[in-house]
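The file run10.cif comes next; it holds mmCIF, C-alpha atoms.
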```
data_target
loop_
_atom_site.label_atom_id
_atom_site.label_comp_id
_atom_site.auth_asym_id
_atom_site.auth_seq_id
_atom_site.Cartn_x
_atom_site.Cartn_y
_atom_site.Cartn_z
CA MET A 973 76.91 138.18 183.16
CA SER A 974 79.83 140.20 184.43
CA THR A 975 82.28 142.04 182.25
CA VAL A 976 85.05 139.61 183.19
CA GLU A 977 82.95 136.61 182.16
CA LEU A 978 82.03 138.30 178.88
CA ILE A 979 85.67 139.05 178.11
CA TRP A 980 86.71 135.53 179.08
CA GLY A 981 84.00 133.91 176.95
CA THR A 982 84.84 136.05 173.94
CA THR A 983 88.55 135.35 174.30
CA LYS A 984 87.92 131.61 174.69
CA LEU A 985 85.71 131.55 171.57
CA MET A 986 88.34 133.45 169.61
CA PHE A 987 91.11 131.05 170.66
CA GLN A 988 88.95 128.04 169.82
CA SER A 989 88.32 129.44 166.35
CA ILE A 990 92.03 130.07 165.86
CA LEU A 991 92.90 126.56 167.06
CA ASN A 992 90.31 125.07 164.73
CA GLU A 993 91.80 126.95 161.79
CA VAL A 994 95.31 125.99 162.85
CA GLY A 995 94.22 122.37 163.17
CA TYR A 996 92.71 122.46 159.71
CA PHE A 997 95.79 123.93 158.04
CA ALA A 998 98.29 122.00 160.20
CA LEU A 999 96.62 118.56 160.20
CA GLY A 1000 93.44 118.30 158.19
CA LEU A 1001 94.46 119.83 154.85
CA PRO A 1002 98.00 118.34 154.81
CA GLY A 1003 96.59 114.92 155.65
CA PHE A 1004 94.05 115.10 152.85
CA TYR A 1005 96.64 116.30 150.34
CA THR A 1006 99.14 113.65 151.44
CA GLY A 1007 96.47 111.04 150.77
CA MET A 1008 95.99 112.50 147.28
CA LEU A 1009 99.74 112.36 146.62
CA LEU A 1010 99.93 108.73 147.78
CA THR A 1011 96.93 107.84 145.59
CA ALA A 1012 98.59 109.49 142.58
CA ALA A 1013 101.77 107.52 143.28
CA GLY A 1014 99.76 104.31 143.56
CA MET A 1015 98.06 104.97 140.22
CA GLY A 1016 101.44 105.52 138.61
CA LEU A 1017 102.83 102.25 139.97
CA ALA A 1018 99.69 100.40 138.86
CA GLU A 1019 100.11 101.83 135.36
CA ARG A 1020 103.72 100.65 135.26
CA VAL A 1021 102.78 97.10 136.28
CA LEU A 1022 99.79 96.87 133.93
CA ARG A 1023 101.73 98.31 131.01
CA ARG A 1024 104.33 95.54 131.35
CA ARG A 1025 101.53 92.96 131.36
CA GLY A 1026 99.77 94.27 128.24
CA MET A 1027 96.65 95.32 130.18
CA LEU A 1028 96.52 99.00 129.20
CA PRO A 1029 94.46 99.60 126.06
CA ALA A 1030 95.72 103.10 125.11
CA PRO A 1031 97.04 106.23 126.81
CA ARG A 1032 93.81 108.21 126.37
CA SER A 1033 91.54 105.44 127.67
CA ARG A 1034 93.69 103.62 130.21
CA TYR A 1035 92.83 106.07 132.98
CA TRP A 1036 89.21 104.87 133.04
CA PHE A 1037 90.49 101.43 133.99
CA LEU A 1038 92.38 102.87 136.97
CA VAL A 1039 90.47 105.91 138.24
CA ALA A 1040 87.35 103.99 139.23
CA PRO A 1041 88.97 101.40 141.56
CA PHE A 1042 91.16 104.04 143.19
CA LEU A 1043 88.23 106.40 143.75
CA VAL A 1044 86.22 103.59 145.34
CA LEU A 1045 88.82 101.65 147.30
CA CYS A 1046 91.01 104.43 148.74
CA PRO A 1047 88.13 106.45 150.30
CA THR A 1048 86.61 103.20 151.58
CA CYS A 1049 89.84 102.32 153.36
CA ALA A 1050 90.01 105.89 154.71
CA VAL A 1051 86.50 105.54 156.19
CA ILE A 1052 87.48 102.25 157.79
CA VAL A 1053 90.50 103.96 159.36
CA PHE A 1054 88.26 106.82 160.57
CA ASN A 1055 85.96 104.35 162.34
CA HIS A 1056 88.79 102.55 164.11
CA THR A 1057 91.16 105.34 165.14
CA HIS A 1058 88.81 107.52 167.28
CA PHE A 1059 91.23 110.40 167.68
CA SER A 1060 90.04 113.28 169.81
CA SER A 1061 90.23 115.68 166.86
CA THR A 1062 88.65 115.49 163.43
CA PHE A 1063 91.81 117.02 162.03
CA ALA A 1064 93.88 114.20 163.55
CA ASN A 1065 91.53 111.69 161.92
CA ASN A 1066 92.11 113.38 158.57
CA ALA A 1067 95.86 113.48 159.12
CA VAL A 1068 95.93 109.72 159.71
CA GLY A 1069 92.90 108.45 157.80
CA TYR A 1070 93.52 109.83 154.33
CA PRO A 1071 97.20 108.83 154.03
CA LEU A 1072 96.66 105.41 155.58
CA GLY A 1073 93.56 104.83 153.47
CA ALA A 1074 95.50 105.74 150.33
CA VAL A 1075 98.31 103.35 151.29
CA LEU A 1076 95.92 100.49 152.02
CA GLY A 1077 93.81 101.06 148.90
CA SER A 1078 96.82 101.45 146.62
CA SER A 1079 98.49 98.37 148.10
CA LEU A 1080 95.42 96.22 147.47
CA ILE A 1081 95.13 97.41 143.86
CA LEU A 1082 98.86 96.94 143.26
CA LEU A 1083 98.66 93.42 144.72
CA ALA A 1084 95.86 92.59 142.28
CA CYS A 1085 97.91 93.99 139.38
CA ILE A 1086 101.02 92.04 140.35
CA VAL A 1087 99.05 88.78 140.47
CA LEU A 1088 98.15 89.27 136.78
CA ARG A 1089 101.13 87.47 135.27
CA THR A 1090 101.85 87.85 131.57
CA ARG A 1091 102.99 85.28 129.09
CA ARG A 1092 103.58 85.48 125.38
CA ARG A 1093 100.59 84.76 123.18
CA THR A 1094 99.21 85.72 119.78
CA GLY A 1095 96.85 88.45 120.88
CA PRO A 1096 94.12 88.89 123.48
CA ARG A 1097 92.41 85.86 124.98
CA GLY A 1098 89.37 85.13 122.83
CA THR A 1099 87.25 83.20 125.35
CA LEU A 1100 88.01 85.47 128.30
CA ASN A 1101 87.42 88.59 126.23
CA ALA A 1102 84.13 87.22 124.90
CA ILE A 1103 82.90 86.72 128.46
CA GLY A 1104 84.06 90.22 129.38
CA ILE A 1105 82.29 91.73 126.36
CA ARG A 1106 79.01 90.06 127.31
CA CYS A 1107 79.28 91.18 130.94
CA LEU A 1108 80.11 94.77 130.02
CA ASN A 1109 77.29 94.96 127.48
CA ALA A 1110 74.89 93.53 130.06
CA LEU A 1111 76.03 96.17 132.56
CA ALA A 1112 75.51 98.86 129.93
CA VAL A 1113 71.94 97.71 129.25
CA ALA A 1114 71.16 97.45 132.97
CA THR A 1115 72.59 100.91 133.58
CA VAL A 1116 70.43 102.42 130.82
CA LEU A 1117 67.34 100.76 132.27
CA LEU A 1118 68.17 102.08 135.74
CA ALA A 1119 68.75 105.65 134.53
CA PRO A 1120 65.08 106.81 134.90
CA ALA A 1121 64.77 105.24 138.38
CA VAL A 1122 68.02 106.85 139.54
CA SER A 1123 66.95 110.20 138.14
CA PHE A 1124 63.56 109.98 139.87
CA TYR A 1125 65.09 108.97 143.20
CA ILE A 1126 67.69 111.75 143.20
CA GLY A 1127 65.08 114.32 142.16
CA ARG A 1128 62.75 113.21 144.96
CA GLU A 1129 65.51 113.38 147.54
CA ALA A 1130 66.46 116.84 146.27
CA LEU A 1131 62.86 117.99 146.67
CA ARG A 1132 62.81 116.70 150.23
CA SER A 1133 66.09 118.42 151.05
CA HIS A 1134 65.46 121.78 149.41
CA GLY A 1135 61.74 121.69 149.92
CA VAL A 1136 60.27 124.95 148.74
CA GLU A 1137 60.91 125.14 145.01
CA ARG A 1138 59.87 122.14 142.90
CA TRP A 1139 62.21 123.00 140.04
CA THR A 1140 65.22 122.34 142.28
CA GLY A 1141 64.51 118.62 141.95
CA LEU A 1142 64.74 118.95 138.17
CA LEU A 1143 68.17 120.53 138.50
CA TRP A 1144 69.37 117.36 140.22
CA SER A 1145 67.43 114.69 138.34
CA VAL A 1146 68.38 115.70 134.78
CA PRO A 1147 72.18 115.69 135.33
CA ALA A 1148 71.86 112.42 137.24
CA PHE A 1149 70.02 110.86 134.27
CA PHE A 1150 72.73 111.84 131.80
CA ALA A 1151 75.51 110.84 134.23
CA VAL A 1152 74.07 107.31 134.39
CA LEU A 1153 73.83 107.19 130.59
CA MET A 1154 77.46 108.32 130.38
CA THR A 1155 78.43 105.45 132.68
CA ALA A 1156 76.67 103.06 130.30
CA GLY A 1157 78.70 104.57 127.48
CA PHE A 1158 81.90 103.83 129.39
CA PHE A 1159 80.84 100.19 129.76
CA THR A 1160 80.17 100.00 126.01
CA GLU A 1161 83.52 101.59 125.20
CA ALA A 1162 85.30 99.14 127.49
CA ALA A 1163 83.55 96.26 125.70
CA ASP A 1164 84.75 97.60 122.35
CA ARG A 1165 88.31 97.66 123.69
CA LEU A 1166 88.13 93.90 124.24
CA LYS A 1167 87.29 93.22 120.59
CA SER A 1168 90.21 92.30 118.37
CA VAL A 1169 90.91 90.89 114.94
CA PRO A 1170 91.74 87.17 115.09
CA ALA A 1171 95.25 86.17 114.08
CA GLN A 1172 94.03 84.15 111.10
CA ALA A 1173 91.84 86.94 109.72
CA VAL A 1174 92.75 88.21 106.25
CA VAL A 1175 92.97 92.01 106.35
CA THR A 1176 93.80 94.02 103.25
CA PRO A 1177 95.15 97.34 104.47
CA ARG A 1178 94.77 100.62 102.65
CA THR A 1179 97.20 102.22 105.11
CA LEU A 1180 99.81 100.19 106.98
CA TYR A 1181 101.47 101.47 110.16
CA LEU A 1182 104.95 100.23 111.08
CA ARG A 1183 106.33 100.89 114.55
CA PRO A 1184 108.13 99.06 117.38
CA PHE A 1185 105.75 97.74 120.04
CA GLU A 1186 107.60 99.71 122.72
CA SER A 1187 106.47 103.02 121.19
CA GLU A 1188 102.72 102.42 121.60
CA HIS A 1189 102.48 104.51 124.78
CA GLN A 1190 105.09 107.09 123.83
CA PRO A 1191 103.89 110.69 123.28
CA PHE A 1192 104.78 111.77 119.76
CA GLY A 1193 106.19 115.25 120.20
CA GLN A 1194 105.62 118.17 122.54
CA SER A 1195 102.32 119.53 121.22
CA THR A 1196 99.37 119.84 123.56
CA GLY A 1197 96.07 118.05 123.22
CA GLN A 1198 95.17 114.79 121.53
CA ASP A 1199 98.13 114.70 119.14
CA SER A 1200 100.68 114.54 121.95
CA ALA A 1201 99.04 111.57 123.64
CA ASN A 1202 99.62 108.78 121.12
CA LEU A 1203 100.40 108.87 117.41
CA GLU A 1204 98.46 105.78 116.42
CA THR A 1205 95.27 106.78 118.22
CA ALA A 1206 95.43 110.29 116.75
CA LEU A 1207 96.08 108.91 113.26
CA ALA A 1208 93.07 106.60 113.52
CA ALA A 1209 90.86 109.50 114.66
CA ALA A 1210 92.02 111.79 111.83
CA MET A 1211 92.17 109.13 109.09
CA PRO A 1212 89.81 109.90 106.15
CA ALA A 1213 87.59 107.13 104.81
CA LYS A 1214 89.64 106.67 101.63
CA TRP A 1215 92.68 105.71 103.77
CA LEU A 1216 90.85 102.91 105.59
CA PRO A 1217 91.35 100.19 106.67
CA PHE A 1218 94.22 101.39 108.85
CA VAL A 1219 96.12 98.26 109.92
CA THR A 1220 99.10 97.41 112.11
CA LEU A 1221 100.55 94.34 113.78
CA GLY A 1222 99.46 93.68 117.34
CA ASN A 1223 101.78 93.08 120.27
CA PRO A 1224 101.63 89.36 121.12
CA THR A 1225 101.60 90.19 124.85
CA ASP A 1226 98.37 92.23 124.61
CA ARG A 1227 95.55 91.06 126.82
CA ILE A 1228 93.33 93.98 125.83
CA ALA A 1229 93.42 95.18 122.25
CA PRO A 1230 94.39 98.88 122.24
CA SER A 1231 92.32 101.43 120.38
CA GLY A 1232 93.57 102.88 117.13
CA ALA A 1233 94.46 100.86 114.06
CA VAL A 1234 92.98 97.46 113.24
CA ARG A 1235 95.35 94.93 114.77
CA VAL A 1236 96.42 91.63 113.26
CA TYR A 1237 97.98 89.25 115.78
CA LEU A 1238 100.46 86.81 114.31
CA PRO A 1239 102.61 83.99 115.73
CA ASP A 1240 106.39 84.29 115.97
CA THR A 1241 106.80 82.13 112.87
CA GLY A 1242 105.39 83.11 109.51
CA TRP A 1243 104.68 86.76 110.31
CA LYS A 1244 107.04 88.02 107.63
CA ASP A 1245 104.95 86.45 104.86
CA VAL A 1246 101.83 88.22 106.10
CA VAL A 1247 103.65 91.55 106.43
CA THR A 1248 105.04 91.15 102.92
CA ARG A 1249 101.52 90.76 101.54
CA MET A 1250 100.17 93.70 103.53
CA ILE A 1251 102.98 96.00 102.35
CA SER A 1252 102.26 95.03 98.75
CA ASP A 1253 98.50 95.67 99.12
CA ALA A 1254 98.78 98.98 101.01
CA ARG A 1255 98.53 102.31 99.20
CA CYS A 1256 100.50 104.08 101.93
CA VAL A 1257 102.95 102.84 104.58
CA LEU A 1258 103.48 105.08 107.61
CA ALA A 1259 106.45 104.52 109.93
CA VAL A 1260 108.24 106.20 112.83
CA PRO A 1261 112.01 106.51 113.37
CA SER A 1262 113.19 103.21 114.81
CA THR A 1263 116.12 100.81 114.87
CA ALA A 1264 114.11 97.83 116.15
CA PRO A 1265 115.09 94.61 114.31
CA SER A 1266 111.55 93.92 113.09
CA THR A 1267 111.08 97.47 111.78
CA LEU A 1268 114.49 97.40 110.06
CA TRP A 1269 113.53 94.14 108.32
CA GLU A 1270 110.35 95.84 107.08
CA PHE A 1271 112.34 98.85 105.82
CA THR A 1272 114.78 96.54 104.04
CA HIS A 1273 112.01 94.53 102.40
CA ILE A 1274 110.32 97.70 101.13
CA ARG A 1275 113.60 98.89 99.59
CA LEU A 1276 114.47 95.54 98.01
CA THR A 1277 111.03 95.25 96.42
CA GLY A 1278 111.09 98.84 95.12
CA GLN A 1279 108.09 100.05 97.12
CA GLN A 1280 109.86 102.87 98.98
CA GLN A 1281 107.86 105.58 97.16
CA LYS A 1282 104.80 104.79 99.28
CA LEU A 1283 106.80 104.73 102.51
CA PHE A 1284 106.55 107.80 104.77
CA VAL A 1285 108.68 108.27 107.89
CA LEU A 1286 107.22 110.67 110.48
CA THR A 1287 109.50 112.59 112.83
CA PRO A 1288 108.01 113.70 116.20
CA LEU A 1289 105.67 116.68 116.11
CA ALA A 1290 107.16 120.14 116.16
CA PRO A 1291 106.62 121.97 119.47
CA THR A 1292 103.98 124.67 119.58
CA THR A 1293 104.16 127.81 121.67
CA ARG A 1294 100.95 129.28 122.98
CA ALA A 1295 101.03 132.59 124.78
CA VAL A 1296 98.91 132.63 127.92
CA THR A 1297 97.77 136.05 129.04
CA VAL A 1298 96.34 136.29 132.55
CA GLN A 1299 94.12 139.33 132.76
CA SER A 1300 91.90 139.03 135.79
CA LEU A 1301 92.69 138.37 139.45
CA ASP A 1302 90.49 135.25 139.43
CA GLU A 1303 92.57 133.74 136.64
CA ARG A 1304 95.75 134.42 138.58
CA TRP A 1305 94.32 132.64 141.63
CA LEU A 1306 93.23 129.70 139.46
CA LEU A 1307 96.71 129.45 137.95
CA LEU A 1308 98.21 129.55 141.45
CA VAL A 1309 95.90 126.77 142.69
CA VAL A 1310 96.74 124.59 139.69
CA SER A 1311 100.47 125.16 140.19
CA LEU A 1312 100.41 124.43 143.92
CA PHE A 1313 98.01 121.47 144.01
CA LEU A 1314 97.54 119.78 140.63
CA VAL A 1315 101.05 120.02 139.20
CA PRO A 1316 102.65 118.12 142.15
CA LEU A 1317 100.01 115.39 141.78
CA ALA A 1318 100.81 114.97 138.09
CA ALA A 1319 104.56 115.04 138.84
CA VAL A 1320 104.30 112.32 141.51
CA ARG A 1321 102.22 110.13 139.24
CA ALA A 1322 104.60 110.59 136.30
CA TRP A 1323 107.55 109.71 138.54
CA ALA A 1324 105.83 106.55 139.82
CA ARG A 1325 104.76 105.21 136.44
CA GLY A 1326 108.22 105.70 134.94
CA PRO A 1327 108.86 106.27 131.23
CA ASP A 1328 105.87 105.38 129.06
CA ALA A 1329 108.09 103.63 126.54
CA GLN A 1330 111.46 103.75 124.91
CA PRO A 1331 111.94 107.19 123.33
CA PHE A 1332 111.83 107.49 119.56
CA GLN A 1333 115.21 107.17 117.91
CA SER A 1334 116.89 110.32 116.67
CA TRP A 1335 117.18 110.89 112.94
CA GLN A 1336 120.95 110.34 112.99
CA ILE A 1337 120.54 106.84 114.43
CA THR A 1338 117.64 106.04 112.11
CA ALA A 1339 119.54 107.39 109.10
CA SER A 1340 122.42 104.97 109.70
CA ALA A 1341 119.95 102.09 109.90
CA LEU A 1342 118.23 103.23 106.70
CA ALA A 1343 121.59 103.43 104.96
CA ALA A 1344 122.28 99.83 105.97
CA ALA A 1345 118.89 98.89 104.51
CA GLY A 1346 119.80 100.38 101.11
CA TYR A 1347 118.42 103.91 101.40
CA LEU A 1348 120.24 107.20 100.86
CA PRO A 1349 119.11 109.30 103.84
CA GLY A 1350 119.92 112.98 103.89
CA GLU A 1351 120.36 115.46 106.70
CA ASP A 1352 118.10 115.72 109.74
CA PRO A 1353 114.78 117.17 108.47
CA GLY A 1354 113.90 118.48 111.92
CA PRO A 1355 110.81 117.93 114.09
CA GLY A 1356 107.38 117.67 112.53
CA SER A 1357 108.71 116.39 109.20
CA LEU A 1358 107.27 113.91 106.72
CA VAL A 1359 109.94 112.10 104.69
CA SER A 1360 109.43 109.84 101.68
CA PHE A 1361 111.82 108.28 99.14
CA ASP A 1362 112.33 108.29 95.37
CA GLN A 1363 113.09 105.38 93.04
CA GLU A 1364 116.77 105.40 94.00
CA GLY A 1365 116.00 105.46 97.73
CA ARG A 1366 116.96 109.11 98.27
CA THR A 1367 114.98 111.01 100.89
CA LEU A 1368 112.30 113.46 99.79
CA LEU A 1369 111.23 116.06 102.32
CA VAL A 1370 107.47 116.15 101.80
CA ALA A 1371 106.70 118.64 104.61
CA THR A 1372 108.31 120.01 107.76
CA GLY A 1373 107.24 121.96 110.85
CA ILE A 1374 104.01 119.94 111.22
CA THR A 1375 102.30 120.54 114.57
CA SER A 1376 99.27 118.21 114.27
CA VAL A 1377 98.78 114.60 113.22
CA ARG A 1378 96.22 115.65 110.62
CA GLY A 1379 99.01 117.66 108.97
CA TYR A 1380 100.96 114.45 108.26
CA LEU A 1381 97.97 112.90 106.52
CA ARG A 1382 97.27 115.98 104.39
CA ALA A 1383 100.90 116.24 103.28
CA ALA A 1384 101.09 112.52 102.47
CA ASP A 1385 97.80 112.68 100.54
CA ARG A 1386 99.06 115.57 98.41
CA HIS A 1387 102.35 113.78 97.72
CA LEU A 1388 100.63 110.53 96.72
CA ALA A 1389 98.18 112.40 94.48
CA GLN A 1390 101.05 114.14 92.67
CA ARG A 1391 102.91 110.86 92.23
CA GLU A 1392 99.85 108.97 90.97
CA GLU A 1393 98.74 111.69 88.55
CA PRO A 1394 101.34 110.90 85.82
CA GLN A 1395 100.49 107.21 86.09
CA ARG A 1396 96.82 107.94 85.40
CA GLY A 1397 97.74 110.11 82.41
#
```
Transcribe the structure of this file into structure tokens.
Amino acid sequence: MSTVELIWGTTKLMFQSILNEVGYFALGLPGFYTGMLLTAAGMGLAERVLRRRGMLPAPRSRYWFLVAPFLVLCPTCAVIVFNHTHFSSTFANNAVGYPLGAVLGSSLILLACIVLRTRRRTGPRGTLNAIGIRCLNALAVATVLLAPAVSFYIGREALRSHGVERWTGLLWSVPAFFAVLMTAGFFTEAADRLKSVPAQAVVTPRTLYLRPFESEHQPFGQSTGQDSANLETALAAAMPAKWLPFVTLGNPTDRIAPSGAVRVYLPDTGWKDVVTRMISDARCVLAVPSTAPSTLWEFTHIRLTGQQQKLFVLTPLAPTTRAVTVQSLDERWLLLVVSLFLVPLAAVRAWARGPDAQPFQSWQITASALAAAGYLPGEDPGPGSLVSFDQEGRTLLVATGITSVRGYLRAADRHLAQREEPQRG
């Protein structure tokens, strides 16, 4: 081989490598990321449609009902596009396949969501939910039975692929076994979501939760973690045994009973009589700031019957500030990757799904409504406050600056214990 041929071959190889890298960064990676953005937007739109139709059980669990179909359908549509485009470059296939697959997959899922029309009813469909519960439980049992076979198959394939060391198969088979069991757990959890309390059931609450239906998916404050996701779900998780049963009225448009408090579904007529009995039986009544007509009627009834001392109004959680110190170079790179790739995905999805619910009313608006209901509300207690009332209906600031849902329950428990102590004596 001559020197000229050697130089030419080296130069050609170098240019091919550069073009491959340029193709990856110019076509392949942007196409893949565009597909991810379109999928995130499709999930947000699906959430908006399903939320209006009462098909989302709760903020913390609703994603399991959406992630699976999107993860299956969008890549499947992308593969179909790959097989039918036949571009000369793999990068061109990625640039077209991923976005088009995301559009096709999201459109099919959105079409299915739009077909699910809603109509007013008194709670989830009993017959349909019973069939769904049986099917999900059957899937859970079948998945558990298949776990050993799946683990054995994956371990055997890992041994064939890696070959030399036998313990490499164990590294693949054990996680596969527990992954299948986790899938069975998801099926069981989904079956539990379909269970609901019948409308005619007699429930004697220990703790009653009053809120407008529109606030069910509204984050309660700016704290991070579980408490910021949904007040009712966090209250149910932190509720001690002596506060149970934790009961609330169910939205008549629900098709799937959300997680959290025990729900009682009532018809449009006669619900006030049931609420009156539950307020009288409850030891504690928790409420959020609201000017909804139904909530105002409940506030008025509590004041007229002299039961305001067991009523607690919760203002949204106080914000928490957590200092983040980045020490190593790896952590800086991780923070950069999250900022550049994951934050835009979350932003696109949040934009597509719209507001989760109507925001909680400010204390000034709620105070005017409480005054009309016969209370004597004071000044704004600030975020993270727990407010109760005395015999004359004046506000009592039980606690303020609360940053966790468990803090509301502890403060209310102390206040009730102090109020009940003289009665015992």
From CA of Phe1004 (chain A) to CA of Ala1324 (chain A) the spacing works out at 19.5 Å
Contacts of Gly1003 (chain A) at 8 Å or less, counting all atoms listed in the file, minus same-chain residues fewer than 2 places along, as a list in words?
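Contacts, with the query itself left out: Leu999, Gly1000, Leu1001, Tyr1005, Thr1006, Gly1007, Asn1066, Ala1067, Val1068, Gly1069, Tyr1070 and Pro1071 of chain A.
Selection result for the displayed file, with the PyMOL selection byres ((chain A and resi 1362) around 10) as criterion, is Gly1278, Gln1279, Gln1280, Gln1281, Lys1282, Leu1283, Tyr1347, Leu1348, Ser1360, Phe1361, Gln1363, Glu1364, Gly1365, Arg1366, Thr1367 and Leu1368 of chain A.
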Requested in this report: Tell me which residues the PyMOL selection byres ((chain A and resi 1018) around 10) grabs here, as number ranges by chain.
Outcome: A: 1012-1017, 1019-1023, 1038, 1078-1079, 1081-1086, 1324-1325
**Report entry** Result set of the PyMOL selection byres ((chain A and resi 1111) around 12) on the coordinates above, as a PyMOL selection string
**Finding:** chain A and resi 1104-1110+1112-1118+1152-1153+1155-1163
Residues just named, written with C-alpha atoms as an mmCIF file, in the coordinates of the input:
```cif
data_model
loop_
_atom_site.group_PDB
_atom_site.id
_atom_site.type_symbol
_atom_site.label_atom_id
_atom_site.label_comp_id
_atom_site.auth_asym_id
_atom_site.auth_seq_id
_atom_site.Cartn_x
_atom_site.Cartn_y
_atom_site.Cartn_z
ATOM 1 C CA GLY A 1104 84.060 90.220 129.380
ATOM 2 C CA ILE A 1105 82.290 91.730 126.360
ATOM 3 C CA ARG A 1106 79.010 90.060 127.310
ATOM 4 C CA CYS A 1107 79.280 91.180 130.940
ATOM 5 C CA LEU A 1108 80.110 94.770 130.020
ATOM 6 C CA ASN A 1109 77.290 94.960 127.480
ATOM 7 C CA ALA A 1110 74.890 93.530 130.060
ATOM 8 C CA ALA A 1112 75.510 98.860 129.930
ATOM 9 C CA VAL A 1113 71.940 97.710 129.250
ATOM 10 C CA ALA A 1114 71.160 97.450 132.970
ATOM 11 C CA THR A 1115 72.590 100.910 133.580
ATOM 12 C CA VAL A 1116 70.430 102.420 130.820
ATOM 13 C CA LEU A 1117 67.340 100.760 132.270
ATOM 14 C CA LEU A 1118 68.170 102.080 135.740
ATOM 15 C CA VAL A 1152 74.070 107.310 134.390
ATOM 16 C CA LEU A 1153 73.830 107.190 130.590
ATOM 17 C CA THR A 1155 78.430 105.450 132.680
ATOM 18 C CA ALA A 1156 76.670 103.060 130.300
ATOM 19 C CA GLY A 1157 78.700 104.570 127.480
ATOM 20 C CA PHE A 1158 81.900 103.830 129.390
ATOM 21 C CA PHE A 1159 80.840 100.190 129.760
ATOM 22 C CA THR A 1160 80.170 100.000 126.010
ATOM 23 C CA GLU A 1161 83.520 101.590 125.200
ATOM 24 C CA ALA A 1162 85.300 99.140 127.490
ATOM 25 C CA ALA A 1163 83.550 96.260 125.700
#
```
Practice item. Could you give me, as a list of chain:residue names, the residues within 12 Å of Val1246 (chain A), counting all atoms listed in the file and dropping anything in the same chain fewer than 4 positions from it? Key: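 The filter keeps A:Ala1171, A:Gln1172, A:Ala1173, A:Val1174, A:Val1175, A:Thr1176, A:Pro1177, A:Thr1220, A:Leu1221, A:Val1236, A:Tyr1237, A:Leu1238, A:Pro1239, A:Asp1240, A:Thr1241, A:Gly1242, A:Met1250, A:Ile1251, A:Ser1252, A:Asp1253, A:Glu1270.
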Q: List every protein, DNA or RNA residue that has an atom no more than 12 Å from (113.2, 90.1, 117.8) in the file's coordinate frame, counting all atoms listed in the file, and report them as a list in words.
A: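 Looking at atoms near the point gives Pro1184, Phe1185, Asp1240, Thr1241, Trp1243, Thr1263, Ala1264, Pro1265, Ser1266, Thr1267, Leu1268 and Trp1269 of chain A.
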Write the residues you've just listed into a file as a PDB file, in the coordinates of the input, and include C-alpha atoms for each of them.
```pdb
ATOM      1  CA  PRO A1184     108.130  99.060 117.380  1.00  0.00           C
ATOM      2  CA  PHE A1185     105.750  97.740 120.040  1.00  0.00           C
ATOM      3  CA  ASP A1240     106.390  84.290 115.970  1.00  0.00           C
ATOM      4  CA  THR A1241     106.800  82.130 112.870  1.00  0.00           C
ATOM      5  CA  TRP A1243     104.680  86.760 110.310  1.00  0.00           C
ATOM      6  CA  THR A1263     116.120 100.810 114.870  1.00  0.00           C
ATOM      7  CA  ALA A1264     114.110  97.830 116.150  1.00  0.00           C
ATOM      8  CA  PRO A1265     115.090  94.610 114.310  1.00  0.00           C
ATOM      9  CA  SER A1266     111.550  93.920 113.090  1.00  0.00           C
ATOM     10  CA  THR A1267     111.080  97.470 111.780  1.00  0.00           C
ATOM     11  CA  LEU A1268     114.490  97.400 110.060  1.00  0.00           C
ATOM     12  CA  TRP A1269     113.530  94.140 108.320  1.00  0.00           C
TER      13      TRP A1269
END
```
**Report entry** Point-to-point distance from CA of Ala1383 (chain A) to CA of Lys1244 (chain A), Å rounded to tenths
**Finding:**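 So the two atoms, CA of Ala1383 (chain A) and CA of Lys1244 (chain A), lie 29.2 Å apart.
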Write out as an NGL selection string which residues come within 12 Å of Thr1338 (chain A) when counting only C-alpha atoms, dropping same-chain ones fewer than 2 positions away. :A and (1259-1265 or 1267-1268 or 1271 or 1285-1287 or 1332-1336 or 1340-1345 or 1347-1352)
Query raised in the report: Could you work out how far CA of Arg1391 (chain A) lies from CA of Val1370 (chain A), giving the answer in Å with one decimal?
Result: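 About the pair CA of Val1370 (chain A) and CA of Arg1391 (chain A): they are 11.8 Å apart.
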For Ser1145 (chain A), find every residue with an atom within 7 Å (counting all atoms listed in the file), except residues of its own chain fewer than 5 positions away, and show them as a PDB file with C-alpha atoms, in the coordinates of the input.
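Output file selection.pdb is given in full below:
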```pdb
ATOM      1  CA  SER A1123      66.950 110.200 138.140  1.00  0.00           C
ATOM      2  CA  PHE A1124      63.560 109.980 139.870  1.00  0.00           C
ATOM      3  CA  ILE A1126      67.690 111.750 143.200  1.00  0.00           C
ATOM      4  CA  GLY A1127      65.080 114.320 142.160  1.00  0.00           C
TER       5      GLY A1127
END
```
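The shortest atom-to-atom distance to Val1234 (chain A), with only C-alpha atoms taken into account, belongs to A:Tyr1181 out of A:Tyr1181, A:Pro1047, A:Thr1277, A:Ile1052.
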Exercise for review: Go through A:Ser1231, A:Thr1179, A:Thr975, A:Gln1390 one by one, measure the shortest atom-to-atom distance of each to Cys1256 (chain A) using only C-alpha atoms, and give the residue with the smallest value.
Suggested key: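 Using only C-alpha atoms, the shortest distance to Cys1256 (chain A) belongs to A:Thr1179.
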* Asked: Restricting the calculation to all atoms listed in the file, which member of A:Leu1258, A:Leu1180, A:Ala1389, A:Leu1314 is positioned closest to Pro1217 (chain A)?
  ->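 Under the stated criterion, the closest residue is A:Leu1180.
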| query | For Phe1042 (chain A), which residue out of A:Leu1080, A:Glu1186, A:Pro1147, A:Asn1055 is the nearest one, using only C-alpha atoms? | reply |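 Closest to Phe1042 (chain A), using only C-alpha atoms: A:Leu1080.
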